[in-house]
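Colleague: Hey, dropping query.tsv in here, TSV, N, CA and C atoms:
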chain	number	residue	atom	x	y	z
K	1	MET	N	2.56	5.43	-8.29
K	1	MET	CA	2.22	4.25	-9.05
K	1	MET	C	3.34	3.86	-10.01
K	2	MET	N	4.13	4.84	-10.40
K	2	MET	CA	5.21	4.53	-11.33
K	2	MET	C	6.29	3.67	-10.68
K	3	ASP	N	6.43	3.74	-9.37
K	3	ASP	CA	7.46	2.97	-8.68
K	3	ASP	C	7.14	1.48	-8.62
K	4	THR	N	5.95	1.08	-8.97
K	4	THR	CA	5.61	-0.34	-8.93
K	4	THR	C	6.40	-1.14	-9.97
K	5	GLN	N	6.97	-0.47	-10.95
K	5	GLN	CA	7.75	-1.14	-11.99
K	5	GLN	C	9.25	-1.16	-11.66
K	6	ARG	N	9.66	-0.44	-10.64
K	6	ARG	CA	11.07	-0.39	-10.27
K	6	ARG	C	11.43	-1.54	-9.34
K	7	SER	N	12.71	-1.71	-9.16
K	7	SER	CA	13.23	-2.80	-8.32
K	7	SER	C	12.76	-2.64	-6.87
K	8	PRO	N	12.37	-3.74	-6.23
K	8	PRO	CA	11.95	-3.66	-4.83
K	8	PRO	C	13.08	-3.30	-3.87
K	9	GLU	N	14.34	-3.38	-4.33
K	9	GLU	CA	15.46	-2.99	-3.47
K	9	GLU	C	15.45	-1.50	-3.18
K	10	LEU	N	14.75	-0.72	-4.00
K	10	LEU	CA	14.71	0.73	-3.82
K	10	LEU	C	13.62	1.18	-2.84
K	11	ILE	N	12.80	0.25	-2.38
K	11	ILE	CA	11.67	0.59	-1.50
K	11	ILE	C	12.15	0.75	-0.06
K	12	SER	N	11.74	1.83	0.56
K	12	SER	CA	12.01	2.03	1.99
K	12	SER	C	10.82	1.46	2.77
K	13	GLY	N	11.07	0.43	3.54
K	13	GLY	CA	10.01	-0.19	4.32
K	13	GLY	C	9.40	0.76	5.34
K	14	ASN	N	10.26	1.55	5.99
K	14	ASN	CA	9.76	2.49	7.01
K	14	ASN	C	8.86	3.55	6.38
K	15	MET	N	9.31	4.15	5.28
K	15	MET	CA	8.52	5.20	4.64
K	15	MET	C	7.22	4.65	4.08
K	16	THR	N	7.26	3.46	3.53
K	16	THR	CA	6.05	2.86	2.98
K	16	THR	C	5.04	2.58	4.08
K	17	LEU	N	5.50	2.10	5.21
K	17	LEU	CA	4.61	1.85	6.34
K	17	LEU	C	4.00	3.16	6.85
K	18	VAL	N	4.81	4.21	6.93
K	18	VAL	CA	4.30	5.52	7.36
K	18	VAL	C	3.25	6.02	6.38
K	19	MET	N	3.48	5.85	5.09
K	19	MET	CA	2.52	6.30	4.08
K	19	MET	C	1.21	5.49	4.17
K	20	CYS	N	1.28	4.22	4.53
K	20	CYS	CA	0.07	3.41	4.72
K	20	CYS	C	-0.76	3.95	5.89
K	21	VAL	N	-0.09	4.26	7.00
K	21	VAL	CA	-0.78	4.81	8.16
K	21	VAL	C	-1.38	6.17	7.82
K	22	TYR	N	-0.60	7.01	7.16
K	22	TYR	CA	-1.04	8.35	6.76
K	22	TYR	C	-2.30	8.26	5.89
K	23	SER	N	-2.27	7.41	4.89
K	23	SER	CA	-3.43	7.29	4.00
K	23	SER	C	-4.64	6.74	4.74
K	24	GLY	N	-4.41	5.79	5.65
K	24	GLY	CA	-5.51	5.26	6.43
K	24	GLY	C	-6.17	6.31	7.30
K	25	LEU	N	-5.35	7.14	7.93
K	25	LEU	CA	-5.90	8.22	8.76
K	25	LEU	C	-6.68	9.24	7.93
K	26	PHE	N	-6.15	9.58	6.77
K	26	PHE	CA	-6.85	10.57	5.95
K	26	PHE	C	-8.07	9.99	5.26
K	27	MET	N	-8.10	8.67	5.04
K	27	MET	CA	-9.34	8.06	4.53
K	27	MET	C	-10.44	8.22	5.59
K	28	ARG	N	-10.09	7.97	6.83
K	28	ARG	CA	-11.06	8.13	7.92
K	28	ARG	C	-11.51	9.58	8.01
K	29	PHE	N	-10.56	10.51	7.93
K	29	PHE	CA	-10.89	11.92	7.99
K	29	PHE	C	-11.85	12.32	6.87
K	30	ALA	N	-11.55	11.88	5.64
K	30	ALA	CA	-12.39	12.22	4.49
K	30	ALA	C	-13.80	11.64	4.65
K	31	TRP	N	-13.93	10.52	5.32
K	31	TRP	CA	-15.23	9.90	5.52
K	31	TRP	C	-16.02	10.57	6.64
K	32	MET	N	-15.32	11.02	7.69
K	32	MET	CA	-16.00	11.53	8.87
K	32	MET	C	-16.44	12.99	8.76
K	33	ILE	N	-15.76	13.79	7.97
K	33	ILE	CA	-16.14	15.20	7.88
K	33	ILE	C	-17.47	15.35	7.16
K	34	ARG	N	-18.15	16.44	7.43
K	34	ARG	CA	-19.42	16.73	6.76
K	34	ARG	C	-19.28	18.02	5.99
K	35	PRO	N	-19.61	18.11	4.76
K	35	PRO	CA	-20.01	17.01	3.88
K	35	PRO	C	-18.82	16.11	3.57
K	36	ARG	N	-19.10	14.86	3.29
K	36	ARG	CA	-18.03	13.90	3.02
K	36	ARG	C	-17.26	14.33	1.78
K	37	ASN	N	-15.96	14.15	1.85
K	37	ASN	CA	-15.09	14.52	0.75
K	37	ASN	C	-14.71	13.24	-0.01
K	38	TYR	N	-15.52	12.89	-1.01
K	38	TYR	CA	-15.31	11.65	-1.75
K	38	TYR	C	-14.05	11.68	-2.60
K	39	PHE	N	-13.67	12.87	-3.09
K	39	PHE	CA	-12.45	12.97	-3.89
K	39	PHE	C	-11.23	12.66	-3.02
K	40	LEU	N	-11.17	13.25	-1.84
K	40	LEU	CA	-10.05	12.98	-0.92
K	40	LEU	C	-10.04	11.51	-0.50
K	41	LEU	N	-11.21	10.96	-0.26
K	41	LEU	CA	-11.31	9.54	0.10
K	41	LEU	C	-10.78	8.66	-1.03
K	42	GLY	N	-11.19	8.94	-2.25
K	42	GLY	CA	-10.74	8.14	-3.39
K	42	GLY	C	-9.24	8.25	-3.62
K	43	THR	N	-8.72	9.45	-3.44
K	43	THR	CA	-7.29	9.67	-3.61
K	43	THR	C	-6.49	8.85	-2.60
K	44	HIS	N	-6.92	8.87	-1.35
K	44	HIS	CA	-6.20	8.13	-0.32
K	44	HIS	C	-6.45	6.63	-0.40
K	45	MET	N	-7.59	6.21	-0.90
K	45	MET	CA	-7.81	4.78	-1.13
K	45	MET	C	-6.85	4.26	-2.20
K	46	THR	N	-6.67	5.04	-3.26
K	46	THR	CA	-5.73	4.66	-4.31
K	46	THR	C	-4.31	4.60	-3.76
K	47	ASN	N	-3.93	5.62	-3.00
K	47	ASN	CA	-2.59	5.64	-2.43
K	47	ASN	C	-2.39	4.48	-1.46
K	48	GLU	N	-3.38	4.18	-0.66
K	48	GLU	CA	-3.28	3.06	0.29
K	48	GLU	C	-3.07	1.74	-0.45
K	49	SER	N	-3.80	1.55	-1.53
K	49	SER	CA	-3.66	0.31	-2.32
K	49	SER	C	-2.25	0.17	-2.88
K	50	VAL	N	-1.74	1.23	-3.45
K	50	VAL	CA	-0.40	1.20	-4.04
K	50	VAL	C	0.66	1.01	-2.95
K	51	GLN	N	0.50	1.69	-1.82
K	51	GLN	CA	1.48	1.55	-0.75
K	51	GLN	C	1.48	0.14	-0.15
K	52	LEU	N	0.30	-0.46	-0.02
K	52	LEU	CA	0.24	-1.84	0.47
K	52	LEU	C	0.89	-2.81	-0.50
K	53	TYR	N	0.71	-2.56	-1.80
K	53	TYR	CA	1.38	-3.39	-2.81
K	53	TYR	C	2.90	-3.25	-2.69
K	54	GLN	N	3.36	-2.01	-2.54
K	54	GLN	CA	4.79	-1.76	-2.39
K	54	GLN	C	5.33	-2.42	-1.11
K	55	LEU	N	4.55	-2.33	-0.04
K	55	LEU	CA	4.96	-2.95	1.22
K	55	LEU	C	5.06	-4.47	1.08
K	56	SER	N	4.14	-5.06	0.32
K	56	SER	CA	4.21	-6.51	0.10
K	56	SER	C	5.43	-6.88	-0.74
K	57	ARG	N	5.81	-6.05	-1.70
K	57	ARG	CA	7.02	-6.29	-2.50
K	57	ARG	C	8.26	-6.20	-1.62
K	58	TRP	N	8.29	-5.19	-0.74
K	58	TRP	CA	9.42	-5.02	0.16
K	58	TRP	C	9.52	-6.20	1.13
K	59	ALA	N	8.39	-6.61	1.69
K	59	ALA	CA	8.37	-7.73	2.65
K	59	ALA	C	8.78	-9.04	1.99
K	60	THR	N	8.37	-9.25	0.76
K	60	THR	CA	8.76	-10.46	0.03
K	60	THR	C	10.27	-10.45	-0.21
K	61	LEU	N	10.81	-9.32	-0.60
K	61	LEU	CA	12.25	-9.21	-0.86
K	61	LEU	C	13.06	-9.53	0.39
K	62	HIS	N	12.60	-9.08	1.54
K	62	HIS	CA	13.34	-9.27	2.79
K	62	HIS	C	12.96	-10.55	3.53
K	63	GLY	N	12.14	-11.38	2.92
K	63	GLY	CA	11.82	-12.69	3.49
K	63	GLY	C	10.70	-12.71	4.50
K	64	TYR	N	9.97	-11.61	4.66
K	64	TYR	CA	8.84	-11.59	5.60
K	64	TYR	C	7.62	-12.30	5.01
K	65	LEU	N	7.51	-12.28	3.71
K	65	LEU	CA	6.44	-13.00	3.01
K	65	LEU	C	7.10	-14.02	2.10
K	66	LYS	N	6.54	-15.18	2.01
K	66	LYS	CA	7.11	-16.21	1.16
K	66	LYS	C	6.36	-16.22	-0.17
K	67	GLU	N	7.10	-16.48	-1.23
K	67	GLU	CA	6.48	-16.67	-2.54
K	67	GLU	C	5.70	-17.98	-2.49
K	68	GLU	N	4.47	-17.94	-2.96
K	68	GLU	CA	3.65	-19.14	-2.95
K	68	GLU	C	3.96	-19.98	-4.18
K	69	THR	N	4.06	-21.29	-3.97
K	69	THR	CA	4.25	-22.20	-5.10
K	69	THR	C	3.03	-23.10	-5.18
K	70	SER	N	2.69	-23.48	-6.37
K	70	SER	CA	1.54	-24.35	-6.54
K	70	SER	C	1.91	-25.75	-6.05
K	71	PRO	N	0.93	-26.50	-5.51
K	71	PRO	CA	1.22	-27.86	-4.98
K	71	PRO	C	1.77	-28.77	-6.05
K	72	LYS	N	1.33	-28.63	-7.29
K	72	LYS	CA	1.80	-29.51	-8.36
K	72	LYS	C	3.25	-29.23	-8.67
K	73	ALA	N	3.65	-27.98	-8.71
K	73	ALA	CA	5.03	-27.63	-9.01
K	73	ALA	C	5.96	-28.08	-7.89
K	74	ALA	N	5.50	-28.08	-6.64
K	74	ALA	CA	6.33	-28.48	-5.51
K	74	ALA	C	6.58	-29.99	-5.53
K	75	SER	N	5.66	-30.77	-6.09
K	75	SER	CA	5.82	-32.23	-6.08
K	75	SER	C	6.66	-32.74	-7.23
K	76	ASP	N	6.92	-31.91	-8.24
K	76	ASP	CA	7.72	-32.35	-9.39
K	76	ASP	C	9.18	-32.45	-9.10
Once more with this new file: its structure as structure tokens, please.
Modeller:
Amino acid sequence: MMDTQRSPELISGNMTLVMCVYSGLFMRFAWMIRPRNYFLLGTHMTNESVQLYQLSRWATLHGYLKEETSPKAASD
């Protein structure tokens, strides 16, 4: 979570994508086992959220996502 304040140039797109897949798989694992492991699920949900945010920062930096502008600002 501390890396969300650092420059997006430092983000590795490949590693971030791998971490998203990893967290997704372990969220499923934590949900499917009996008894359910809610702590593991919550930990990986948090990690998934942060990794997706980092991935969106990386994608925006490299032009895969466009910065949205408000319609009023575009017409000025």
Colleague: What is the atom C of Met45 in chain K to atom N of Ser7 in chain K distance in Å?
Modeller: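 The value is 21.6 Å.
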Colleague: Could you check how far CA of Phe26 in chain K sits from atom N of Met2 in chain K, in Å to one decimal?
Modeller: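 Taking CA of Phe26 in chain K as the start and atom N of Met2 in chain K as the end point, the length is 20.5 Å.
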Colleague: May I have the protein, DNA and RNA residues with an atom at most 6.5 Å from (9.2, 0.0, -1.4), counting all atoms listed in the file in the file's coordinates, returned as an MDAnalysis selection string?
Modeller: chainID K and resid 8 10:13 16 54:55 57:58
Colleague: Could you work out how far atom C of Leu61 in chain K lies from atom N of Glu9 in chain K, giving the answer in Å with one decimal?
Modeller: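 Value for the atom N of Glu9 in chain K-atom C of Leu61 in chain K distance: 7.9 Å.
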Colleague: Taking into account all atoms listed in the file, which residue in the set K:Met27, K:His62, K:Cys20, K:Asp3 is nearest to Leu40 in chain K?
Modeller: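 With all atoms listed in the file as the atom set, the closest residue is K:Met27.
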Colleague: Might you pull out every residue within 12 Å of Ala30 in chain K, with only C-alpha atoms counted and same-chain residues fewer than 6 positions away left off, and present them as a count of residues only?
Modeller: 12
Colleague: According to DSSP computed on the backbone, where in chain K is there alpha helix (DSSP H)? Give the residues as a CSV table (one decimal) with N, CA and C atoms, in the frame of the given file.
Modeller:
chain,number,residue,atom,x,y,z
K,13,GLY,N,11.1,0.4,3.5
K,13,GLY,CA,10.0,-0.2,4.3
K,13,GLY,C,9.4,0.8,5.3
K,14,ASN,N,10.3,1.6,6.0
K,14,ASN,CA,9.8,2.5,7.0
K,14,ASN,C,8.9,3.6,6.4
K,15,MET,N,9.3,4.2,5.3
K,15,MET,CA,8.5,5.2,4.6
K,15,MET,C,7.2,4.6,4.1
K,16,THR,N,7.3,3.5,3.5
K,16,THR,CA,6.0,2.9,3.0
K,16,THR,C,5.0,2.6,4.1
K,17,LEU,N,5.5,2.1,5.2
K,17,LEU,CA,4.6,1.8,6.3
K,17,LEU,C,4.0,3.2,6.8
K,18,VAL,N,4.8,4.2,6.9
K,18,VAL,CA,4.3,5.5,7.4
K,18,VAL,C,3.2,6.0,6.4
K,19,MET,N,3.5,5.8,5.1
K,19,MET,CA,2.5,6.3,4.1
K,19,MET,C,1.2,5.5,4.2
K,20,CYS,N,1.3,4.2,4.5
K,20,CYS,CA,0.1,3.4,4.7
K,20,CYS,C,-0.8,4.0,5.9
K,21,VAL,N,-0.1,4.3,7.0
K,21,VAL,CA,-0.8,4.8,8.2
K,21,VAL,C,-1.4,6.2,7.8
K,22,TYR,N,-0.6,7.0,7.2
K,22,TYR,CA,-1.0,8.4,6.8
K,22,TYR,C,-2.3,8.3,5.9
K,23,SER,N,-2.3,7.4,4.9
K,23,SER,CA,-3.4,7.3,4.0
K,23,SER,C,-4.6,6.7,4.7
K,24,GLY,N,-4.4,5.8,5.6
K,24,GLY,CA,-5.5,5.3,6.4
K,24,GLY,C,-6.2,6.3,7.3
K,25,LEU,N,-5.4,7.1,7.9
K,25,LEU,CA,-5.9,8.2,8.8
K,25,LEU,C,-6.7,9.2,7.9
K,26,PHE,N,-6.2,9.6,6.8
K,26,PHE,CA,-6.8,10.6,6.0
K,26,PHE,C,-8.1,10.0,5.3
K,27,MET,N,-8.1,8.7,5.0
K,27,MET,CA,-9.3,8.1,4.5
K,27,MET,C,-10.4,8.2,5.6
K,28,ARG,N,-10.1,8.0,6.8
K,28,ARG,CA,-11.1,8.1,7.9
K,28,ARG,C,-11.5,9.6,8.0
K,29,PHE,N,-10.6,10.5,7.9
K,29,PHE,CA,-10.9,11.9,8.0
K,29,PHE,C,-11.8,12.3,6.9
K,30,ALA,N,-11.6,11.9,5.6
K,30,ALA,CA,-12.4,12.2,4.5
K,30,ALA,C,-13.8,11.6,4.6
K,31,TRP,N,-13.9,10.5,5.3
K,31,TRP,CA,-15.2,9.9,5.5
K,31,TRP,C,-16.0,10.6,6.6
K,32,MET,N,-15.3,11.0,7.7
K,32,MET,CA,-16.0,11.5,8.9
K,32,MET,C,-16.4,13.0,8.8
K,38,TYR,N,-15.5,12.9,-1.0
K,38,TYR,CA,-15.3,11.6,-1.8
K,38,TYR,C,-14.0,11.7,-2.6
K,39,PHE,N,-13.7,12.9,-3.1
K,39,PHE,CA,-12.4,13.0,-3.9
K,39,PHE,C,-11.2,12.7,-3.0
K,40,LEU,N,-11.2,13.2,-1.8
K,40,LEU,CA,-10.0,13.0,-0.9
K,40,LEU,C,-10.0,11.5,-0.5
K,41,LEU,N,-11.2,11.0,-0.3
K,41,LEU,CA,-11.3,9.5,0.1
K,41,LEU,C,-10.8,8.7,-1.0
K,42,GLY,N,-11.2,8.9,-2.2
K,42,GLY,CA,-10.7,8.1,-3.4
K,42,GLY,C,-9.2,8.2,-3.6
K,43,THR,N,-8.7,9.4,-3.4
K,43,THR,CA,-7.3,9.7,-3.6
K,43,THR,C,-6.5,8.8,-2.6
K,44,HIS,N,-6.9,8.9,-1.4
K,44,HIS,CA,-6.2,8.1,-0.3
K,44,HIS,C,-6.4,6.6,-0.4
K,45,MET,N,-7.6,6.2,-0.9
K,45,MET,CA,-7.8,4.8,-1.1
K,45,MET,C,-6.8,4.3,-2.2
K,46,THR,N,-6.7,5.0,-3.3
K,46,THR,CA,-5.7,4.7,-4.3
K,46,THR,C,-4.3,4.6,-3.8
K,47,ASN,N,-3.9,5.6,-3.0
K,47,ASN,CA,-2.6,5.6,-2.4
K,47,ASN,C,-2.4,4.5,-1.5
K,48,GLU,N,-3.4,4.2,-0.7
K,48,GLU,CA,-3.3,3.1,0.3
K,48,GLU,C,-3.1,1.7,-0.4
K,49,SER,N,-3.8,1.6,-1.5
K,49,SER,CA,-3.7,0.3,-2.3
K,49,SER,C,-2.2,0.2,-2.9
K,50,VAL,N,-1.7,1.2,-3.4
K,50,VAL,CA,-0.4,1.2,-4.0
K,50,VAL,C,0.7,1.0,-3.0
K,51,GLN,N,0.5,1.7,-1.8
K,51,GLN,CA,1.5,1.6,-0.8
K,51,GLN,C,1.5,0.1,-0.2
K,52,LEU,N,0.3,-0.5,0.0
K,52,LEU,CA,0.2,-1.8,0.5
K,52,LEU,C,0.9,-2.8,-0.5
K,53,TYR,N,0.7,-2.6,-1.8
K,53,TYR,CA,1.4,-3.4,-2.8
K,53,TYR,C,2.9,-3.2,-2.7
K,54,GLN,N,3.4,-2.0,-2.5
K,54,GLN,CA,4.8,-1.8,-2.4
K,54,GLN,C,5.3,-2.4,-1.1
K,55,LEU,N,4.6,-2.3,0.0
K,55,LEU,CA,5.0,-3.0,1.2
K,55,LEU,C,5.1,-4.5,1.1
K,56,SER,N,4.1,-5.1,0.3
K,56,SER,CA,4.2,-6.5,0.1
K,56,SER,C,5.4,-6.9,-0.7
K,57,ARG,N,5.8,-6.0,-1.7
K,57,ARG,CA,7.0,-6.3,-2.5
K,57,ARG,C,8.3,-6.2,-1.6
K,58,TRP,N,8.3,-5.2,-0.7
K,58,TRP,CA,9.4,-5.0,0.2
K,58,TRP,C,9.5,-6.2,1.1
K,59,ALA,N,8.4,-6.6,1.7
K,59,ALA,CA,8.4,-7.7,2.6
K,59,ALA,C,8.8,-9.0,2.0
K,60,THR,N,8.4,-9.2,0.8
K,60,THR,CA,8.8,-10.5,0.0
K,60,THR,C,10.3,-10.4,-0.2
K,61,LEU,N,10.8,-9.3,-0.6
K,61,LEU,CA,12.2,-9.2,-0.9
K,61,LEU,C,13.1,-9.5,0.4
K,71,PRO,N,0.9,-26.5,-5.5
K,71,PRO,CA,1.2,-27.9,-5.0
K,71,PRO,C,1.8,-28.8,-6.0
K,72,LYS,N,1.3,-28.6,-7.3
K,72,LYS,CA,1.8,-29.5,-8.4
K,72,LYS,C,3.2,-29.2,-8.7
K,73,ALA,N,3.6,-28.0,-8.7
K,73,ALA,CA,5.0,-27.6,-9.0
K,73,ALA,C,6.0,-28.1,-7.9
K,74,ALA,N,5.5,-28.1,-6.6
K,74,ALA,CA,6.3,-28.5,-5.5
K,74,ALA,C,6.6,-30.0,-5.5
K,75,SER,N,5.7,-30.8,-6.1
K,75,SER,CA,5.8,-32.2,-6.1
K,75,SER,C,6.7,-32.7,-7.2
